[in-house]
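These notes are about the structure you will find just below.
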Amino acid sequence: MVGGTGLYIRSFCEGIDEIPKADESIRKKIQQQYELNGLQWLQQEVQQKDNAFWQTAEKQNPHRLMRALEVVEAVGRSITTFHQHTKTERQFNIVKIGLTIPKEELYHNINLRVDTMIENGLVEEARSLLPYRSLNALQTVGYKELFDHFYGKISFEKAVEEIKKNTRHYAKRQMTWFKKDESIKWHNPSDKITV
C-alpha cells in the first residue's frame, strides 16, 4: 500500500472497531446544528454528552466530534465503549516506511501543487460540486475555501492563499500523527531502502 490517511493505514494494519451507525435523521440534525452554531457549540455538546470521548478527542476535528455525538445520541453510550483496543492478526508482515523532507521544501512543494491544481481545473471542479457542498466528503481543503469564494466571503486570491495555508497545516497534522507510530522507519526520498 502506498499512501492513505493515518486512520486508514492504522485500520488496514490493525483492524477497526465495529461502531454502530446512527440514523440519517440524527446525522443531519447534528450537521445542521454544527453549520448553524459552529465548532464551539459542537465541542460543548460532545463535552456534555460524551465526556469520556471528550477527554482524548481531537477537539478541533469536527468530523470526529460529530461522529461521537451521533453515536451517543443513537445508542445512549459513549463511542469509547465500542473501542476494543485489540489488534487484528494479519497473515503477512507489515513494514512501514515513511518519507520525510525538510519542512521548507515540503511547504514549497505544497504551494506549487496547489498552483498546479488551480491551473488544471480545481475551480471548475469545485463549482460543479457546489450543489453538494454540505456532504462530508466536500468539507475538505480546496473545496471549502473555493465554496467561500463562490459565496463572496473571500476573494479568489484569498481562497488560494487559504488552500495553501490549510494544506500546510494538514501536512503538519499528518506528520504529528505518523511520528507517534514508532514502527515507521523514516527515510529521505533519495535513500536506498532495503526491507
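Quick note on naming: the chains in the C-alpha cells go A, B, ... in the order shown, residues restart at 1 in each chain, and ligands are numbered from 1 in order of appearance.
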
I need the residues in chain A that are strand (DSSP E) according to DSSP; give them as a ChimeraX atom specification. /A:96-99,184-187

Can you write out the residues you just picked, keeping C-alpha atoms, as a CSV table (one decimal), in the first residue's frame?
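What landed in again-v5.csv:
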```csv
chain,number,residue,atom,x,y,z
A,96,LYS,CA,6.1,0.8,7.5
A,97,ILE,CA,8.3,3.3,5.6
A,98,GLY,CA,7.9,7.0,6.0
A,99,LEU,CA,9.5,9.5,3.7
A,184,ILE,CA,7.7,3.6,11.0
A,185,LYS,CA,11.2,3.7,9.6
A,186,TRP,CA,11.9,7.2,8.3
A,187,HIS,CA,14.0,7.9,5.2
```

I need the residues in range 39-183 of chain A that are helix (DSSP H, G or I) according to DSSP; give them as a ChimeraX atom specification. /A:39-49,51-54,62-75,79-82,103-119,122-128,130-132,136-138,143-150,156-179

For a quick check of understanding, using only C-alpha atoms, which of A:Ile101, A:Val2, A:Ile154, A:Ala171 has the smallest distance to Val141 in chain A? A:Ala171

Counting only C-alpha atoms, the residue of A:Ala74, A:Phe178, A:Ile193, A:Gly15 that sits nearest Lys29 in chain A: A:Ala74

CA of Phe147 in chain A and CA of Arg127 in chain A, how far apart in Å? 7.7 Å

Rank A:Val46, A:Tyr143, A:Ala137, A:Asn111 by their smallest atom-to-atom distance to Glu124 in chain A, using only C-alpha atoms, and report the top residue only. A:Tyr143

For His83 in chain A, which of A:Met117, A:Val123, A:Ala52, A:Leu42 is the closest residue, counting only C-alpha atoms?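 So, comparing all the options, the nearest one is A:Ala52.
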
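For the atom pair formed by CA of Arg67 in chain A and CA of Thr80 in chain A, the distance is 11.4 Å, given to one decimal.
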
Compare A:His63, A:Lys21, A:Lys158, A:His149 by their minimum atom-to-atom distance to Val75 in chain A, counting only C-alpha atoms, and give me the closest one.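 Looking only at the distances to Val75 in chain A, the closest residue turns out to be A:Lys21.
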
How close does range 114-179 of chain A get to range 3-13 of chain A? List, as a Markdown table, each residue of range 114-179 of chain A within 12 Å, its nearest atom pair and the distance in Å to one decimal, counting only C-alpha atoms.
```
| residue | atom | partner | partner_atom | distance |
| --- | --- | --- | --- | --- |
| A:Tyr170 | CA | A:Thr5 | CA | 10.9 |
| A:Ala171 | CA | A:Thr5 | CA | 10.8 |
| A:Arg173 | CA | A:Gly6 | CA | 10.0 |
| A:Gln174 | CA | A:Gly6 | CA | 7.1 |
| A:Met175 | CA | A:Gly6 | CA | 9.4 |
| A:Thr176 | CA | A:Gly6 | CA | 10.1 |
| A:Trp177 | CA | A:Gly6 | CA | 6.8 |
| A:Phe178 | CA | A:Gly6 | CA | 6.8 |
| A:Lys179 | CA | A:Gly6 | CA | 10.5 |
```

What's around Gln91 in chain A at 12 Å? Count only C-alpha atoms, leave out sequence neighbours fewer than 3 positions away in its own chain, and write the answer as a PDB file with C-alpha atoms, in the first residue's frame.
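Full text of selection.pdb as output:
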```pdb
ATOM      1  CA  CYS A  13      -2.782  -2.788   9.675  1.00  0.00           C
ATOM      2  CA  GLU A  14      -4.658  -3.301  12.950  1.00  0.00           C
ATOM      3  CA  THR A  88      -6.407  -7.902  14.161  1.00  0.00           C
ATOM      4  CA  ILE A  94       3.880  -5.204   7.845  1.00  0.00           C
TER       5      ILE A  94
END
```
